[in-house]
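> So here's protein.tsv, just TSV, C-alpha atoms:
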chain	number	residue	atom	x	y	z
A	894	MET	CA	19.98	182.42	-92.75
A	895	GLY	CA	17.74	182.72	-89.68
A	896	PRO	CA	17.93	185.07	-86.70
A	897	ALA	CA	19.29	182.27	-84.47
A	898	HIS	CA	22.34	181.96	-86.72
A	899	TRP	CA	23.05	185.68	-86.51
A	900	ARG	CA	22.58	185.68	-82.71
A	901	ARG	CA	25.00	182.77	-82.39
A	902	ARG	CA	27.71	184.60	-84.33
A	903	GLY	CA	26.93	187.72	-82.32
A	904	ARG	CA	27.44	185.82	-79.07
A	905	VAL	CA	30.93	184.82	-80.18
A	906	SER	CA	31.78	188.41	-81.08
A	907	LEU	CA	30.35	189.66	-77.77
A	908	GLU	CA	32.50	187.19	-75.86
A	909	VAL	CA	35.62	188.35	-77.73
A	910	HIS	CA	34.73	191.98	-76.89
A	911	ARG	CA	34.00	191.17	-73.24
A	912	ARG	CA	37.25	189.31	-72.65
A	913	PHE	CA	39.32	191.96	-74.42
A	914	LEU	CA	37.75	194.72	-72.30
A	915	ALA	CA	38.22	192.78	-69.06
A	916	ARG	CA	41.99	192.84	-69.59
A	917	PHE	CA	42.07	196.59	-69.03
A	918	VAL	CA	39.32	197.52	-66.54
A	919	GLN	CA	40.05	197.54	-62.81
A	920	PRO	CA	37.46	197.83	-60.02
A	921	GLY	CA	36.98	201.49	-59.16
A	922	ASP	CA	38.04	202.79	-62.59
A	923	ARG	CA	36.22	205.85	-63.86
A	924	VAL	CA	35.35	205.21	-67.52
A	925	LEU	CA	34.05	207.38	-70.34
A	926	GLU	CA	31.94	205.21	-72.65
A	927	VAL	CA	31.69	206.70	-76.14
A	928	GLY	CA	28.89	205.54	-78.44
A	929	ALA	CA	27.33	203.53	-75.62
A	930	GLY	CA	24.08	202.80	-77.46
A	931	PRO	CA	21.50	200.71	-75.58
A	932	GLY	CA	24.02	199.65	-72.95
A	933	ARG	CA	25.46	196.23	-73.76
A	934	PHE	CA	28.91	197.29	-72.61
A	935	THR	CA	27.66	199.71	-69.95
A	936	VAL	CA	26.45	196.56	-68.20
A	937	GLU	CA	29.84	194.91	-68.70
A	938	LEU	CA	31.67	197.92	-67.28
A	939	ALA	CA	29.40	197.91	-64.25
A	940	ALA	CA	30.03	194.19	-63.71
A	941	LEU	CA	33.78	194.87	-63.80
A	942	GLY	CA	33.41	197.42	-61.00
A	943	ALA	CA	33.80	200.63	-62.98
A	944	THR	CA	31.83	203.86	-62.72
A	945	VAL	CA	30.71	205.13	-66.10
A	946	VAL	CA	29.99	208.42	-67.81
A	947	VAL	CA	27.70	207.17	-70.58
A	948	THR	CA	27.74	209.13	-73.85
A	949	ASP	CA	26.35	208.81	-77.34
A	950	LEU	CA	25.84	211.10	-80.31
A	951	SER	CA	22.14	210.17	-80.30
A	952	PRO	CA	19.74	211.27	-77.53
A	953	VAL	CA	17.52	208.37	-78.61
A	954	GLN	CA	20.31	205.89	-77.85
A	955	LEU	CA	20.93	207.51	-74.48
A	956	ALA	CA	17.23	207.15	-73.66
A	957	LEU	CA	17.39	203.47	-74.63
A	958	ASN	CA	20.46	203.05	-72.45
A	959	ALA	CA	18.58	204.51	-69.48
A	960	GLU	CA	15.53	202.37	-70.22
A	961	HIS	CA	17.48	199.13	-70.48
A	962	LEU	CA	19.43	199.72	-67.27
A	963	ARG	CA	16.56	201.09	-65.21
A	964	GLY	CA	15.89	198.90	-62.19
A	965	THR	CA	19.09	196.87	-62.61
A	966	VAL	CA	22.19	196.80	-60.43
A	967	SER	CA	24.14	198.21	-63.37
A	968	GLU	CA	22.37	201.58	-63.13
A	969	ALA	CA	24.19	202.35	-59.87
A	970	ALA	CA	27.46	202.42	-61.80
A	971	VAL	CA	26.29	205.20	-64.16
A	972	GLU	CA	27.55	208.62	-63.09
A	973	ARG	CA	25.57	210.49	-65.75
A	974	ARG	CA	24.50	210.36	-69.39
A	975	GLU	CA	25.23	213.05	-71.97
A	976	VAL	CA	25.31	213.66	-75.71
A	977	LEU	CA	28.84	213.57	-77.11
A	978	ASP	CA	30.44	213.77	-80.53
A	979	VAL	CA	33.63	211.67	-80.43
A	980	CYS	CA	35.38	214.39	-82.43
A	981	ASP	CA	34.99	216.91	-79.59
A	982	THR	CA	35.99	215.80	-76.09
A	983	SER	CA	37.11	219.30	-75.06
A	984	ARG	CA	34.67	219.42	-72.12
A	985	TYR	CA	36.77	216.83	-70.28
A	986	ALA	CA	40.02	217.55	-68.45
A	987	ASP	CA	43.39	216.03	-69.33
A	988	GLY	CA	43.66	212.60	-67.75
A	989	GLU	CA	40.14	212.75	-66.32
A	990	PHE	CA	39.35	209.08	-66.93
A	991	ASP	CA	41.12	205.85	-66.10
A	992	LEU	CA	39.89	204.34	-69.36
A	993	VAL	CA	37.93	205.42	-72.41
A	994	LEU	CA	35.77	202.80	-74.15
A	995	ALA	CA	34.78	203.35	-77.77
A	996	TYR	CA	33.31	200.04	-78.89
A	997	GLY	CA	30.91	199.84	-81.81
A	998	GLY	CA	33.21	201.63	-84.22
A	999	PRO	CA	32.55	205.35	-83.51
A	1000	LEU	CA	35.97	206.23	-84.92
A	1001	SER	CA	34.89	204.69	-88.23
A	1002	TYR	CA	32.47	207.58	-88.73
A	1003	THR	CA	34.95	210.41	-88.16
A	1004	PHE	CA	36.63	210.29	-91.62
A	1005	GLU	CA	38.98	213.30	-91.97
A	1006	HIS	CA	38.58	214.04	-88.24
A	1007	ALA	CA	39.80	210.61	-87.09
A	1008	GLU	CA	43.20	211.84	-85.89
A	1009	GLN	CA	41.58	214.69	-83.99
A	1010	ALA	CA	39.15	212.26	-82.37
A	1011	MET	CA	41.85	209.77	-81.38
A	1012	ARG	CA	44.08	212.53	-80.01
A	1013	GLY	CA	41.18	213.76	-77.88
A	1014	LEU	CA	40.45	210.30	-76.49
A	1015	LEU	CA	44.11	209.78	-75.59
A	1016	ARG	CA	44.27	213.21	-73.93
A	1017	ILE	CA	41.48	212.54	-71.46
A	1018	THR	CA	42.88	209.20	-70.24
A	1019	ARG	CA	45.23	209.24	-67.25
A	1020	PRO	CA	48.93	208.51	-67.91
A	1021	GLY	CA	49.15	204.85	-68.77
A	1022	GLY	CA	45.38	204.55	-69.08
A	1023	PRO	CA	44.10	202.94	-72.27
A	1024	VAL	CA	41.64	203.89	-74.95
A	1025	VAL	CA	39.86	200.63	-75.76
A	1026	GLY	CA	37.81	200.65	-78.92
A	1027	SER	CA	36.93	199.11	-82.24
A	1028	VAL	CA	36.85	200.09	-85.89
A	1029	MET	CA	35.26	198.46	-88.92
A	1030	SER	CA	37.64	196.01	-90.61
A	1031	LEU	CA	38.17	196.52	-94.33
A	1032	LEU	CA	39.64	193.15	-95.21
A	1033	GLY	CA	37.47	191.15	-92.84
A	1034	ALA	CA	34.29	192.76	-94.13
A	1035	TRP	CA	35.42	192.31	-97.75
A	1036	ARG	CA	35.98	188.61	-97.06
A	1037	HIS	CA	32.75	188.13	-95.14
A	1038	PHE	CA	30.47	190.10	-97.47
A	1039	LEU	CA	32.21	189.13	-100.72
A	1040	PRO	CA	29.05	188.16	-102.66
A	1041	GLY	CA	27.50	191.56	-101.94
A	1042	VAL	CA	30.76	193.37	-102.65
A	1043	VAL	CA	31.01	191.72	-106.08
A	1044	LYS	CA	27.45	192.81	-106.91
A	1045	VAL	CA	28.18	196.39	-105.85
A	1046	ALA	CA	31.36	196.42	-107.94
A	1047	GLU	CA	29.26	195.44	-110.94
A	1048	ARG	CA	26.95	198.38	-110.23
A	1049	ILE	CA	29.46	201.13	-109.40
A	1050	GLY	CA	32.34	199.92	-111.56
A	1051	GLU	CA	35.64	198.29	-110.74
A	1052	ASP	CA	37.48	201.64	-110.52
A	1053	ALA	CA	35.26	202.76	-107.64
A	1054	ASN	CA	35.59	199.33	-106.04
A	1055	ASP	CA	39.38	199.62	-106.30
A	1056	ARG	CA	39.23	202.98	-104.50
A	1057	ILE	CA	37.19	201.45	-101.68
A	1058	LEU	CA	39.63	198.58	-101.24
A	1059	ARG	CA	42.57	200.97	-101.36
A	1060	THR	CA	41.20	203.62	-98.99
A	1061	GLY	CA	38.50	201.86	-96.95
A	1062	ASP	CA	36.22	204.86	-97.56
A	1063	LEU	CA	32.69	203.64	-98.28
A	1064	ARG	CA	31.58	207.09	-99.36
A	1065	HIS	CA	32.76	205.99	-102.82
A	1066	GLU	CA	29.66	203.78	-103.12
A	1067	GLY	CA	27.24	204.63	-100.32
A	1068	GLY	CA	28.07	201.74	-98.01
A	1069	GLN	CA	25.47	199.21	-99.15
A	1070	GLY	CA	27.91	196.66	-100.53
A	1071	MET	CA	29.14	195.49	-97.13
A	1072	ASP	CA	25.80	195.83	-95.35
A	1073	VAL	CA	27.10	198.62	-93.11
A	1074	HIS	CA	26.50	202.33	-92.80
A	1075	VAL	CA	28.69	204.66	-94.82
A	1076	CYS	CA	31.92	204.64	-92.85
A	1077	GLN	CA	35.69	204.48	-92.93
A	1078	MET	CA	37.00	200.93	-92.77
A	1079	PHE	CA	40.51	200.11	-91.59
A	1080	ARG	CA	43.35	197.69	-92.02
A	1081	HIS	CA	45.22	197.09	-88.79
A	1082	ARG	CA	48.21	198.95	-90.20
A	1083	ASP	CA	45.95	201.95	-90.94
A	1084	LEU	CA	44.74	201.97	-87.35
A	1085	ALA	CA	48.30	201.77	-86.04
A	1086	ALA	CA	49.36	204.67	-88.27
A	1087	LEU	CA	46.38	206.77	-87.14
A	1088	THR	CA	47.23	206.10	-83.50
A	1089	ARG	CA	50.87	207.08	-84.00
A	1090	ALA	CA	49.83	210.29	-85.74
A	1091	ALA	CA	47.63	211.11	-82.72
A	1092	GLY	CA	50.54	210.63	-80.31
A	1093	GLY	CA	49.76	207.10	-79.18
A	1094	GLU	CA	50.62	203.46	-79.75
A	1095	ILE	CA	48.61	200.28	-80.08
A	1096	VAL	CA	49.41	198.01	-77.13
A	1097	ALA	CA	46.94	195.20	-77.87
A	1098	ALA	CA	44.63	194.23	-80.72
A	1099	SER	CA	42.20	191.52	-81.73
A	1100	ALA	CA	39.79	190.63	-84.49
A	1101	SER	CA	36.18	190.63	-83.32
A	1102	ASN	CA	35.63	187.17	-84.80
A	1103	TRP	CA	37.56	184.85	-87.08
A	1104	ALA	CA	36.70	181.15	-87.23
A	1105	SER	CA	33.13	182.04	-86.25
A	1106	LEU	CA	32.63	183.84	-89.57
A	1107	GLY	CA	32.48	180.41	-91.20
A	1108	ASP	CA	29.79	177.72	-91.29
A	1109	LEU	CA	27.07	178.66	-88.81
A	1110	ASP	CA	25.65	175.12	-88.76
A	1111	VAL	CA	28.97	174.05	-87.25
A	1112	LEU	CA	28.60	176.75	-84.59
A	1113	ALA	CA	25.13	175.44	-83.78
A	1114	ALA	CA	26.50	171.94	-83.21
A	1115	LEU	CA	29.26	173.29	-80.98
A	1116	GLU	CA	26.90	175.45	-78.95
A	1117	ALA	CA	24.67	172.45	-78.27
A	1118	ASP	CA	27.50	170.97	-76.20
A	1119	PRO	CA	28.48	173.41	-73.39
A	1120	SER	CA	31.91	171.87	-72.91
A	1121	ARG	CA	32.80	172.01	-76.60
A	1122	TRP	CA	31.35	175.53	-76.87
A	1123	ALA	CA	33.52	176.76	-74.00
A	1124	ARG	CA	36.60	175.25	-75.61
A	1125	PHE	CA	35.71	176.75	-78.97
A	1126	LEU	CA	35.39	180.21	-77.42
A	1127	GLU	CA	38.81	179.86	-75.80
A	1128	HIS	CA	40.35	178.92	-79.15
A	1129	GLU	CA	38.49	181.70	-80.99
A	1130	VAL	CA	39.54	184.40	-78.53
A	1131	ALA	CA	43.17	183.28	-78.83
A	1132	ALA	CA	43.03	183.04	-82.63
A	1133	CYS	CA	41.58	186.54	-82.94
A	1134	GLN	CA	44.70	187.94	-81.26
A	1135	GLU	CA	47.14	186.27	-83.64
A	1136	PRO	CA	48.91	188.84	-85.87
A	1137	GLY	CA	47.75	187.03	-88.97
A	1138	ALA	CA	44.10	187.20	-87.89
A	1139	LEU	CA	43.82	190.86	-86.83
A	1140	ASP	CA	42.38	191.89	-90.20
A	1141	GLY	CA	40.17	188.82	-90.47
A	1142	GLY	CA	37.06	189.81	-88.50
A	1143	THR	CA	34.28	192.29	-89.12
A	1144	HIS	CA	35.85	194.69	-86.57
A	1145	ILE	CA	39.32	195.31	-85.19
A	1146	LEU	CA	39.50	195.74	-81.41
A	1147	PHE	CA	42.37	197.75	-79.99
A	1148	ALA	CA	43.86	199.22	-76.85
A	1149	ALA	CA	45.95	202.37	-77.30
A	1150	ARG	CA	48.01	204.46	-74.90
A	1151	HIS	CA	50.06	207.62	-75.08
A	1152	SER	CA	53.39	206.95	-76.75
A	1153	HIS	CA	56.52	207.50	-74.69
A	1154	GLY	CA	58.55	208.18	-77.83
How does the structure come out when it is put into structure tokens?


Amino acid sequence: MGPAHWRRRGRVSLEVHRRFLARFVQPGDRVLEVGAGPGRFTVELAALGATVVVTDLSPVQLALNAEHLRGTVSEAAVERREVLDVCDTSRYADGEFDLVLAYGGPLSYTFEHAEQAMRGLLRITRPGGPVVGSVMSLLGAWRHFLPGVVKVAERIGEDANDRILRTGDLRHEGGQGMDVHVCQMFRHRDLAALTRAAGGEIVAASASNWASLGDLDVLAALEADPSRWARFLEHEVAACQEPGALDGGTHILFAARHSHG
């Protein structure tokens, strides 16, 4: 499978992420971006009219973010850049941000501290303001990477594989079976339960991709026709939001707010 195939699937996932985010960002919003990396969604936030405090656990990623945005119109939207561990947002005031963005699955690396991290993200959003983020999908990744998962199960044993599928915790095998870093993977119901425990509620969710995890040659044919490609993207974005599809992508996108209950 060549790089063009992977880029094509990535473009579908990016479009799903972009459209989901655009539902919640208003011009003038002040946004904390957690795990910003090189800046793919920093640019999107800037285009939507937000001002952004860009953060990442890695100083290297922050430097890449600055490098990629330097000399672009997007840089004017960046308030500052700083190192941040998603598990500790204590430096920020209650309700300081209109929206918190945590794409790229940073919550999937918090393990036993996930509730603490989610509670902190909810705390620093204004009343009614959302935390928009993503986590790694257990069932979607299992489906997508099934050949590799089967090989890992043969190596580590079916009991360990059962524990992974029951808990989503890839520390049971080191994370190589699904071609991801060692992380916590989620079912949608797990994410909803975590959010409730942190004092919030999920108000919207989506798979990151669904039909586009299939035959990439078909995607190539669709992309060659701009009209058909645009229609496909519309259908894919809608399908990813269907309740039956939420667990079917490689990531689960979500928007969460403080619960009124």

> Find the residues near segment 1132-1138 of chain A: any atom within 12 Å, counting all atoms listed in the file, skip ones fewer than 6 places away on the same chain, and give them as a PDB file with C-alpha atoms, in the coordinates of the input.


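Writing done, so here's around-v2.pdb:
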ATOM      1  CA  VAL A 905      30.930 184.820 -80.180  1.00  0.00           C
ATOM      2  CA  SER A 906      31.780 188.410 -81.080  1.00  0.00           C
ATOM      3  CA  GLU A 908      32.500 187.190 -75.860  1.00  0.00           C
ATOM      4  CA  VAL A 909      35.620 188.350 -77.730  1.00  0.00           C
ATOM      5  CA  HIS A 910      34.730 191.980 -76.890  1.00  0.00           C
ATOM      6  CA  ARG A 912      37.250 189.310 -72.650  1.00  0.00           C
ATOM      7  CA  PHE A 913      39.320 191.960 -74.420  1.00  0.00           C
ATOM      8  CA  SER A1030      37.640 196.010 -90.610  1.00  0.00           C
ATOM      9  CA  LEU A1032      39.640 193.150 -95.210  1.00  0.00           C
ATOM     10  CA  GLY A1033      37.470 191.150 -92.840  1.00  0.00           C
ATOM     11  CA  ARG A1080      43.350 197.690 -92.020  1.00  0.00           C
ATOM     12  CA  HIS A1081      45.220 197.090 -88.790  1.00  0.00           C
ATOM     13  CA  ARG A1082      48.210 198.950 -90.200  1.00  0.00           C
ATOM     14  CA  VAL A1096      49.410 198.010 -77.130  1.00  0.00           C
ATOM     15  CA  ALA A1097      46.940 195.200 -77.870  1.00  0.00           C
ATOM     16  CA  ALA A1098      44.630 194.230 -80.720  1.00  0.00           C
ATOM     17  CA  SER A1099      42.200 191.520 -81.730  1.00  0.00           C
ATOM     18  CA  ALA A1100      39.790 190.630 -84.490  1.00  0.00           C
ATOM     19  CA  SER A1101      36.180 190.630 -83.320  1.00  0.00           C
ATOM     20  CA  ASN A1102      35.630 187.170 -84.800  1.00  0.00           C
ATOM     21  CA  TRP A1103      37.560 184.850 -87.080  1.00  0.00           C
ATOM     22  CA  ALA A1104      36.700 181.150 -87.230  1.00  0.00           C
ATOM     23  CA  SER A1105      33.130 182.040 -86.250  1.00  0.00           C
ATOM     24  CA  LEU A1106      32.630 183.840 -89.570  1.00  0.00           C
ATOM     25  CA  PHE A1125      35.710 176.750 -78.970  1.00  0.00           C
ATOM     26  CA  LEU A1126      35.390 180.210 -77.420  1.00  0.00           C
ATOM     27  CA  HIS A1144      35.850 194.690 -86.570  1.00  0.00           C
ATOM     28  CA  ILE A1145      39.320 195.310 -85.190  1.00  0.00           C
ATOM     29  CA  LEU A1146      39.500 195.740 -81.410  1.00  0.00           C
ATOM     30  CA  PHE A1147      42.370 197.750 -79.990  1.00  0.00           C
TER      31      PHE A1147
END

> Would you write out, as a Markdown table, a table of all residues in segment 1021-1129 of chain A that have an atom no more than 12 Å from an atom of segment 921-928 of chain A, listing for each the closest atom pair and the distance in Å to one decimal, considering only C-alpha atoms and ordering rows by chain and rising residue number?


| residue | atom | partner | partner_atom | distance |
| --- | --- | --- | --- | --- |
| A:Gly1022 | CA | A:Asp922 | CA | 10.0 |
| A:Pro1023 | CA | A:Val924 | CA | 10.2 |
| A:Val1024 | CA | A:Leu925 | CA | 9.5 |
| A:Val1025 | CA | A:Glu926 | CA | 9.7 |
| A:Gly1026 | CA | A:Val927 | CA | 9.0 |
| A:Ser1027 | CA | A:Gly928 | CA | 11.0 |

> What's the 10 Å shell around Val971 of chain A, counting all atoms listed in the file, without same-chain residues fewer than 6 positions away, as a ChimeraX atom specification?

/A:923-924,935-936,938-939,943-947,959,962

> Using all atoms listed in the file, which of the listed residues (A:Arg1048, A:Arg1019, A:Arg973, A:Arg1059) sits closest to Gly988 of chain A?

A:Arg1019

> Could you give me, as a list in words, the residues within 9 Å of Val976 of chain A, counting only C-alpha atoms and dropping anything in the same chain fewer than 6 positions from it?

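Surrounding residues, per the criterion: Val947, Thr948, Asp949, Leu950, Ser951, Pro952 and Leu955 of chain A.
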
> Keeping only C-alpha atoms, write the selected residues as a compact mmCIF listing (two decimals), in the coordinates of the input.


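Contents of part02.txt, as written:
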# COMPACT_ATOMS: atom_id res chain seq x y z
CA VAL A 947 27.70 207.17 -70.58
CA THR A 948 27.74 209.13 -73.85
CA ASP A 949 26.35 208.81 -77.34
CA LEU A 950 25.84 211.10 -80.31
CA SER A 951 22.14 210.17 -80.30
CA PRO A 952 19.74 211.27 -77.53
CA LEU A 955 20.93 207.51 -74.48

> Mind pulling up the distance from atom CA of Arg911 of chain A to atom CA of Val979 of chain A?

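Separation between atom CA of Val979 of chain A and atom CA of Arg911 of chain A: 21.7 Å.
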
> Which residues, written as a VMD selection string, have at least one atom at most 9 Å from Asp1062 of chain A, with all atoms listed in the file counted and residues fewer than 3 positions away on the same chain left out?

chain A and resid 1004 1056 to 1059 1065 to 1066 1068 1075 to 1079

> My list of candidates is A:Gly998, A:Gly1092, A:Gly1013, A:Gly964. Which is closest to Ser983 of chain A when distances are computed with all atoms listed in the file?

A:Gly1013

> Which residue is closest to His1037 of chain A? Choose from A:Val966, A:Gly1107, A:Leu1139, A:Val918 and count all atoms listed in the file.

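Result for the nearest residue to His1037 of chain A: A:Gly1107.
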
> What is the distance, in Å and to one decimal place, between atom CA of Tyr996 of chain A and atom CA of Glu1094 of chain A?

17.7 Å

> Quick one: pull the distance between atom CA of Leu1031 of chain A and atom CA of Arg904 of chain A, Å, one decimal.

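According to the coordinates, atom CA of Leu1031 of chain A and atom CA of Arg904 of chain A are separated by 21.5 Å.
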
> Taking only C-alpha atoms into account, name the residue in A:Gln954, A:Ser967, A:Gln1009, A:Asn1054 that is nearest to Cys980 of chain A.

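Selected residue with least distance to Cys980 of chain A: A:Gln1009.
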
> Go through A:Arg1036, A:Thr1088, A:Ala915, A:Thr1060 one by one, measure the shortest atom-to-atom distance of each to Leu1000 of chain A using all atoms listed in the file, and give the residue with the smallest value.

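Ranking A:Arg1036, A:Thr1088, A:Ala915, A:Thr1060 by distance to Leu1000 of chain A, first place goes to A:Thr1088.
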
> Quick one: of A:Arg1124, A:Glu989, A:Asp978, A:Leu1087, who's nearest to Pro1020 of chain A, counting only C-alpha atoms?

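Checking each of A:Arg1124, A:Glu989, A:Asp978, A:Leu1087 against Pro1020 of chain A, counting only C-alpha atoms, the winner is A:Glu989.
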
> Near Ile1017 of chain A, within 9 Å and counting all atoms listed in the file, which residues show up once chain neighbours fewer than 3 positions away are dropped, as a ChimeraX atom specification?

/A:982-983,985-993,1012-1014
